[in-house]
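**Student:** What follows is structure03.cif, made up of mmCIF, C-alpha atoms:
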```cif
data_target
#
loop_
_atom_site.group_PDB
_atom_site.id
_atom_site.type_symbol
_atom_site.label_atom_id
_atom_site.label_comp_id
_atom_site.auth_asym_id
_atom_site.auth_seq_id
_atom_site.Cartn_x
_atom_site.Cartn_y
_atom_site.Cartn_z
ATOM 1 C CA MET V 1 25.141 16.345 -18.983
ATOM 2 C CA ARG V 2 23.067 16.504 -15.838
ATOM 3 C CA THR V 3 19.305 16.266 -16.415
ATOM 4 C CA VAL V 4 17.237 17.982 -13.745
ATOM 5 C CA PHE V 5 13.470 17.783 -13.451
ATOM 6 C CA LEU V 6 11.815 20.907 -12.076
ATOM 7 C CA ALA V 7 8.339 20.618 -10.575
ATOM 8 C CA GLY V 8 5.948 22.667 -8.482
ATOM 9 C CA GLY V 9 2.261 23.393 -8.156
ATOM 10 C CA ILE V 10 0.468 26.204 -9.950
ATOM 11 C CA GLY V 11 1.560 29.561 -8.588
ATOM 12 C CA SER V 12 4.598 28.080 -6.843
ATOM 13 C CA GLY V 13 7.145 30.105 -8.810
ATOM 14 C CA LYS V 14 8.397 27.186 -10.900
ATOM 15 C CA SER V 15 8.474 29.243 -14.095
ATOM 16 C CA THR V 16 10.409 32.024 -12.358
ATOM 17 C CA VAL V 17 13.002 29.499 -11.221
ATOM 18 C CA ALA V 18 13.188 27.973 -14.701
ATOM 19 C CA ARG V 19 13.704 31.343 -16.385
ATOM 20 C CA GLU V 20 16.483 32.278 -13.978
ATOM 21 C CA LEU V 21 18.286 28.968 -14.429
ATOM 22 C CA GLU V 22 18.018 29.370 -18.183
ATOM 23 C CA ARG V 23 19.469 32.874 -17.857
ATOM 24 C CA LEU V 24 22.351 31.437 -15.838
ATOM 25 C CA GLY V 25 23.148 28.987 -18.632
ATOM 26 C CA CYS V 26 21.000 25.888 -18.216
ATOM 27 C CA CYS V 27 19.355 24.359 -21.262
ATOM 28 C CA ARG V 28 15.580 24.406 -20.747
ATOM 29 C CA ILE V 29 12.945 21.988 -22.005
ATOM 30 C CA ASP V 30 9.272 22.634 -21.270
ATOM 31 C CA LEU V 31 7.277 19.418 -21.169
ATOM 32 C CA ASP V 32 4.127 21.390 -21.997
ATOM 33 C CA GLN V 33 5.742 22.338 -25.315
ATOM 34 C CA LEU V 34 6.591 18.701 -26.042
ATOM 35 C CA SER V 35 2.974 17.752 -25.312
ATOM 36 C CA ARG V 36 1.896 20.215 -27.988
ATOM 37 C CA GLU V 37 4.453 18.864 -30.466
ATOM 38 C CA VAL V 38 3.256 15.267 -30.208
ATOM 39 C CA LEU V 39 -0.224 16.477 -31.206
ATOM 40 C CA LEU V 40 0.831 18.403 -34.287
ATOM 41 C CA PRO V 41 -0.889 17.530 -37.583
ATOM 42 C CA GLY V 42 0.297 14.265 -39.065
ATOM 43 C CA THR V 43 1.858 12.720 -35.967
ATOM 44 C CA GLN V 44 1.059 9.157 -34.955
ATOM 45 C CA THR V 45 -0.126 10.397 -31.580
ATOM 46 C CA THR V 46 -2.605 12.796 -33.180
ATOM 47 C CA LEU V 47 -4.019 9.963 -35.243
ATOM 48 C CA GLU V 48 -4.295 7.699 -32.191
ATOM 49 C CA VAL V 49 -6.110 10.423 -30.252
ATOM 50 C CA ALA V 50 -8.540 10.951 -33.123
ATOM 51 C CA ARG V 51 -9.218 7.234 -33.351
ATOM 52 C CA ALA V 52 -9.939 7.149 -29.632
ATOM 53 C CA PHE V 53 -12.077 10.276 -29.353
ATOM 54 C CA GLY V 54 -13.499 10.807 -32.842
ATOM 55 C CA MET V 55 -12.041 11.355 -36.285
ATOM 56 C CA ASP V 56 -14.128 14.535 -36.558
ATOM 57 C CA LEU V 57 -11.533 16.101 -34.229
ATOM 58 C CA LEU V 58 -9.253 16.454 -37.262
ATOM 59 C CA ASP V 59 -9.567 19.335 -39.690
ATOM 60 C CA GLU V 60 -10.172 17.799 -43.101
ATOM 61 C CA GLU V 61 -7.762 20.165 -44.863
ATOM 62 C CA THR V 62 -4.930 20.672 -42.382
ATOM 63 C CA GLY V 63 -5.172 17.609 -40.159
ATOM 64 C CA ALA V 64 -5.020 19.906 -37.122
ATOM 65 C CA LEU V 65 -6.601 18.663 -33.923
ATOM 66 C CA ASP V 66 -9.557 20.570 -32.481
ATOM 67 C CA ARG V 67 -8.135 20.904 -28.980
ATOM 68 C CA ARG V 68 -11.240 22.542 -27.527
ATOM 69 C CA LEU V 69 -13.457 19.682 -28.666
ATOM 70 C CA LEU V 70 -10.866 17.138 -27.544
ATOM 71 C CA ALA V 71 -10.817 18.702 -24.066
ATOM 72 C CA GLU V 72 -14.603 18.492 -23.872
ATOM 73 C CA ARG V 73 -14.534 14.794 -24.695
ATOM 74 C CA ALA V 74 -11.347 13.748 -22.929
ATOM 75 C CA PHE V 75 -12.148 15.429 -19.632
ATOM 76 C CA ALA V 76 -15.810 14.472 -19.522
ATOM 77 C CA THR V 77 -14.942 11.583 -17.187
ATOM 78 C CA SER V 78 -11.874 10.452 -15.268
ATOM 79 C CA GLU V 79 -11.796 7.334 -17.430
ATOM 80 C CA ASP V 80 -11.603 9.394 -20.613
ATOM 81 C CA ALA V 81 -8.875 11.591 -19.133
ATOM 82 C CA ALA V 82 -6.880 8.484 -18.234
ATOM 83 C CA ARG V 83 -7.367 7.145 -21.768
ATOM 84 C CA LEU V 84 -5.925 10.344 -23.234
ATOM 85 C CA GLU V 85 -2.934 10.175 -20.894
ATOM 86 C CA GLN V 86 -2.282 6.575 -21.910
ATOM 87 C CA ILE V 87 -1.904 7.794 -25.485
ATOM 88 C CA GLU V 88 -0.048 11.050 -24.865
ATOM 89 C CA LEU V 89 2.382 10.301 -22.043
ATOM 90 C CA PRO V 90 4.401 7.532 -23.776
ATOM 91 C CA ALA V 91 4.767 9.766 -26.847
ATOM 92 C CA ILE V 92 5.934 12.701 -24.715
ATOM 93 C CA ALA V 93 8.408 10.448 -22.912
ATOM 94 C CA ARG V 94 9.845 9.207 -26.213
ATOM 95 C CA LEU V 95 10.212 12.756 -27.537
ATOM 96 C CA LEU V 96 11.901 13.898 -24.323
ATOM 97 C CA GLU V 97 14.343 11.003 -24.502
ATOM 98 C CA GLU V 98 15.147 11.906 -28.120
ATOM 99 C CA ARG V 99 15.790 15.542 -27.196
ATOM 100 C CA LEU V 100 17.991 14.650 -24.241
ATOM 101 C CA SER V 101 19.969 12.131 -26.296
ATOM 102 C CA ALA V 102 20.555 14.723 -29.025
ATOM 103 C CA LEU V 103 21.709 17.316 -26.500
ATOM 104 C CA SER V 104 24.011 14.860 -24.763
ATOM 105 C CA ALA V 105 25.548 13.783 -28.086
ATOM 106 C CA ALA V 106 26.142 17.352 -29.268
ATOM 107 C CA ALA V 107 29.687 18.588 -29.804
ATOM 108 C CA ASP V 108 29.257 21.013 -26.916
ATOM 109 C CA PRO V 109 26.533 19.593 -24.668
ATOM 110 C CA PRO V 110 25.096 21.751 -21.898
ATOM 111 C CA GLU V 111 26.241 21.030 -18.361
ATOM 112 C CA ILE V 112 22.678 21.093 -17.053
ATOM 113 C CA CYS V 113 19.448 20.427 -18.914
ATOM 114 C CA LEU V 114 16.419 21.596 -16.988
ATOM 115 C CA VAL V 115 13.116 19.877 -17.757
ATOM 116 C CA GLU V 116 9.976 21.640 -16.528
ATOM 117 C CA ILE V 117 7.454 19.017 -15.446
ATOM 118 C CA PRO V 118 3.901 20.335 -15.065
ATOM 119 C CA LEU V 119 2.577 17.196 -13.332
ATOM 120 C CA LEU V 120 5.308 15.136 -11.709
ATOM 121 C CA ASP V 121 2.898 12.402 -10.647
ATOM 122 C CA ARG V 122 2.176 11.701 -14.337
ATOM 123 C CA ALA V 123 5.866 11.427 -15.216
ATOM 124 C CA ASP V 124 6.711 7.994 -13.835
ATOM 125 C CA ALA V 125 7.812 6.746 -17.258
ATOM 126 C CA MET V 126 10.310 9.631 -17.460
ATOM 127 C CA ARG V 127 11.741 9.682 -13.952
ATOM 128 C CA HIS V 128 14.682 7.454 -14.896
ATOM 129 C CA MET V 129 15.957 10.220 -17.193
ATOM 130 C CA ALA V 130 16.520 12.633 -14.298
ATOM 131 C CA SER V 131 19.626 12.754 -12.141
ATOM 132 C CA GLU V 132 17.825 15.073 -9.717
ATOM 133 C CA THR V 133 14.310 16.372 -9.071
ATOM 134 C CA VAL V 134 13.947 19.918 -7.789
ATOM 135 C CA VAL V 135 10.612 21.052 -6.365
ATOM 136 C CA VAL V 136 9.605 24.667 -5.824
ATOM 137 C CA ASP V 137 7.565 24.564 -2.626
ATOM 138 C CA CYS V 138 4.999 27.130 -1.552
ATOM 139 C CA PRO V 139 1.872 26.705 0.623
ATOM 140 C CA VAL V 140 -1.312 26.405 -1.400
ATOM 141 C CA GLU V 141 -2.888 29.367 0.407
ATOM 142 C CA LEU V 142 -0.076 31.672 -0.670
ATOM 143 C CA ARG V 143 -0.095 30.236 -4.195
ATOM 144 C CA ARG V 144 -3.820 30.981 -4.421
ATOM 145 C CA VAL V 145 -3.289 34.610 -3.411
ATOM 146 C CA ARG V 146 -0.515 35.016 -5.976
ATOM 147 C CA ALA V 147 -2.537 33.380 -8.753
ATOM 148 C CA ILE V 148 -5.550 35.606 -8.090
ATOM 149 C CA GLY V 149 -3.206 38.600 -8.082
ATOM 150 C CA ARG V 150 -2.173 37.619 -11.608
ATOM 151 C CA GLY V 151 -5.770 37.571 -12.795
ATOM 152 C CA MET V 152 -6.846 33.976 -12.217
ATOM 153 C CA THR V 153 -10.152 33.377 -10.494
ATOM 154 C CA GLY V 154 -10.206 31.498 -7.230
ATOM 155 C CA GLU V 155 -12.509 28.877 -8.735
ATOM 156 C CA ASP V 156 -10.113 28.230 -11.623
ATOM 157 C CA PHE V 157 -7.173 27.953 -9.243
ATOM 158 C CA ASP V 158 -9.017 25.495 -6.990
ATOM 159 C CA ALA V 159 -10.028 23.358 -9.969
ATOM 160 C CA ARG V 160 -6.449 23.171 -11.235
ATOM 161 C CA VAL V 161 -5.026 22.373 -7.814
ATOM 162 C CA ALA V 162 -7.510 19.521 -7.456
ATOM 163 C CA ASN V 163 -5.915 17.858 -10.514
ATOM 164 C CA GLN V 164 -2.318 18.344 -9.371
ATOM 165 C CA PRO V 165 -0.208 16.356 -6.908
ATOM 166 C CA THR V 166 -0.334 17.665 -3.358
ATOM 167 C CA ASP V 167 2.484 19.718 -1.882
ATOM 168 C CA GLU V 168 3.251 16.853 0.493
ATOM 169 C CA TRP V 169 3.513 14.389 -2.395
ATOM 170 C CA LEU V 170 5.876 16.707 -4.277
ATOM 171 C CA ARG V 171 8.091 17.182 -1.228
ATOM 172 C CA THR V 172 8.413 13.430 -0.700
ATOM 173 C CA HIS V 173 9.488 12.977 -4.331
ATOM 174 C CA ALA V 174 12.020 15.821 -4.351
ATOM 175 C CA ASP V 175 15.783 15.545 -4.108
ATOM 176 C CA THR V 176 16.015 19.298 -3.543
ATOM 177 C CA ILE V 177 13.354 21.727 -2.305
ATOM 178 C CA ILE V 178 13.437 25.433 -3.115
ATOM 179 C CA CYS V 179 11.199 27.292 -0.683
ATOM 180 C CA ASN V 180 9.265 30.199 -2.184
ATOM 181 C CA THR V 181 7.537 31.781 0.791
ATOM 182 C CA GLY V 182 9.621 34.938 0.916
ATOM 183 C CA THR V 183 10.559 37.705 -1.466
ATOM 184 C CA TYR V 184 11.568 37.441 -5.100
ATOM 185 C CA ASP V 185 15.178 38.225 -4.170
ATOM 186 C CA GLU V 186 15.187 35.433 -1.585
ATOM 187 C CA LEU V 187 13.919 32.983 -4.194
ATOM 188 C CA ILE V 188 16.550 34.041 -6.727
ATOM 189 C CA ALA V 189 19.279 33.713 -4.090
ATOM 190 C CA GLN V 190 18.290 30.072 -3.535
ATOM 191 C CA VAL V 191 18.338 29.464 -7.284
ATOM 192 C CA HIS V 192 21.839 30.919 -7.551
ATOM 193 C CA ASP V 193 23.039 28.820 -4.616
ATOM 194 C CA TRP V 194 21.701 25.670 -6.278
ATOM 195 C CA TYR V 195 23.265 26.568 -9.608
ATOM 196 C CA GLU V 196 26.654 27.359 -8.115
ATOM 197 C CA SER V 197 26.700 23.983 -6.346
ATOM 198 C CA HIS V 198 25.862 22.098 -9.550
ATOM 199 C CA LYS V 199 27.692 23.817 -12.385
ATOM 200 C CA GLY V 200 30.985 22.417 -13.542
ATOM 201 C CA GLY V 201 29.919 18.896 -12.723
ATOM 202 C CA GLU V 202 30.283 19.419 -9.014
#
```
Give the structure from the file, written as structure tokens.
**Tutor:**
Amino acid sequence: MRTVFLAGGIGSGKSTVARELERLGCCRIDLDQLSREVLLPGTQTTLEVARAFGMDLLDEETGALDRRLLAERAFATSEDAARLEQIELPAIARLLEERLSALSAAADPPEICLVEIPLLDRADAMRHMASETVVVDCPVELRRVRAIGRGMTGEDFDARVANQPTDEWLRTHADTIICNTGTYDELIAQVHDWYESHKGGE
């Protein structure tokens, strides 16, 4: 089984690429979903987060984490944000490794497992799991226009971009770059070309 990390900045078209590759037959894992799973009620990670940022974050009856309050506390300073990452990221990496191991050991494992990585610069502890890193590249100016066209405010877009790796950083850490500056059909054609060159263990 080939494990491929897929990255790209907000508005780059990463999700479009992921959906098309899934449609073509790739197994798809969304790291955002794993990050939610490690913070479900009763997990060790949830307890560690509560110990670090306040036990009042936990609902007394359900044990659910108050994510809004956690965000207020964890992103109040860069130090607090780093502290949260130090708790979350190792747990996410362990869960990803478990999922990949289970898929690889299955009776009929997928040829390609695609892992969507929201922030590649935070994934150093996971990079060894990938046989290839694909980056969807699109200039930030064009990404901003597209994001606003989907209803996001310019201020929100700028704030999110400020917390993401730069386009240059992503390009230097990519094995393959898919350029999304043209039409939807041109993007999909690149996706199909990549898939055709990788399926069947080629």
**Student:** May I ask for the distance between CA of Thr46 in chain V and CA of Gln33 in chain V, given in Å to one decimal place?
**Tutor:**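 Taking CA of Thr46 in chain V and CA of Gln33 in chain V, their separation equals 14.9 Å.
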**Student:** Counting all atoms listed in the file, what is within 7 Å of Val4 in chain V, bar same-chain residues fewer than 6 positions away, as a ChimeraX atom specification?
**Tutor:** /V:113-115,130-133
**Student:** Can you tell me which residues surround Met129 in chain V at a distance of at most 8 Å, considering all atoms listed in the file, apart from same-chain residues fewer than 2 positions away, and format the answer as number ranges by chain?
**Tutor:** V: 3, 97, 126-127, 131
**Student:** Just the number, please: distance in Å from CA of Thr166 in chain V to CA of Glu141 in chain V, one decimal.
**Tutor:** 12.6 Å
**Student:** Neighbouring residues of Leu96 in chain V were defined as those with any atom within 10 Å, considering only C-alpha atoms; residues of the same chain fewer than 3 positions away were excluded. Please report them as a list in words.
**Tutor:**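 Near Leu96 in chain V, the qualifying residues are Ile29, Asp30, Leu31, Leu34, Ser35, Pro90, Ala91, Ile92, Ala93, Arg99, Leu100, Ser101, Ala102, Val115, Met126 and Met129 of chain V.
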**Student:** For Leu187 in chain V, which of V:Cys138, V:Met152, V:Leu65, V:Ala162 is the closest residue, counting all atoms listed in the file?
**Tutor:** V:Cys138
**Student:** Could you spell out the hits of the PyMOL selection byres ((chain V and resi 144) around 12) on the shown file, as an NGL selection string?
**Tutor:** :V and (9-13 or 138-143 or 145-161)
**Student:** Which residue is closest to Ser104 in chain V? Choose from V:Glu60, V:His128, V:Tyr184, V:Cys27 and count only C-alpha atoms.
**Tutor:**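 Of V:Glu60, V:His128, V:Tyr184, V:Cys27, the one nearest Ser104 in chain V, counting only C-alpha atoms, is V:Cys27.
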**Student:** Report the distance between CA of Trp194 in chain V and CA of Lys14 in chain V in Å, rounded to one decimal place.
**Tutor:**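 Between these atoms lies a distance of 14.2 Å.
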**Student:** Restricting the calculation to all atoms listed in the file: of V:Leu6, V:Glu98, V:Ala50, V:Leu21, which residue gets closest to Gln190 in chain V?
**Tutor:**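 Going through V:Leu6, V:Glu98, V:Ala50, V:Leu21 one by one, the smallest distance to Gln190 in chain V is for V:Leu21.
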**Student:** Would you list the residues near (-4.7, 9.0, -30.7), meaning any protein, DNA or RNA residue with an atom at most 12 Å from that point in file coordinates, counting only C-alpha atoms, as number ranges by chain?
**Tutor:** V: 38-55, 57-58, 65, 70, 74, 83-91
**Student:** What would the selection look like, as a list in words, if the PyMOL selection byres ((chain V and resi 111) around 12) were run on the coordinates I just shared?
**Tutor:**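 Applying the expression gives Met1, Arg2, Thr3, Val4, Leu21, Glu22, Leu24, Gly25, Cys26, Cys27, Arg28, Leu100, Leu103, Ser104, Ala106, Asp108, Pro109, Pro110, Ile112, Cys113, Leu114, Tyr195, His198, Lys199, Gly200, Gly201 and Glu202 of chain V.
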**Student:** When distances are computed from only C-alpha atoms, which of V:Ala125, V:Ala7, V:Glu116, V:Arg36 shows the smallest separation from Arg67 in chain V?
**Tutor:**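 Ranked by minimum distance to Arg67 in chain V, first place goes to V:Arg36.
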**Student:** Pick the closest to Thr176 in chain V from V:Ala123, V:Val135, V:Ala189, V:Ile117: which is it, counting only C-alpha atoms?
**Tutor:**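 Using only C-alpha atoms, the shortest distance to Thr176 in chain V belongs to V:Val135.
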**Student:** Restricting the calculation to only C-alpha atoms, which member of V:Leu120, V:Leu69, V:Ala64, V:Val17 is positioned closest to His192 in chain V?
**Tutor:**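 Going through V:Leu120, V:Leu69, V:Ala64, V:Val17 one by one, the smallest distance to His192 in chain V is for V:Val17.
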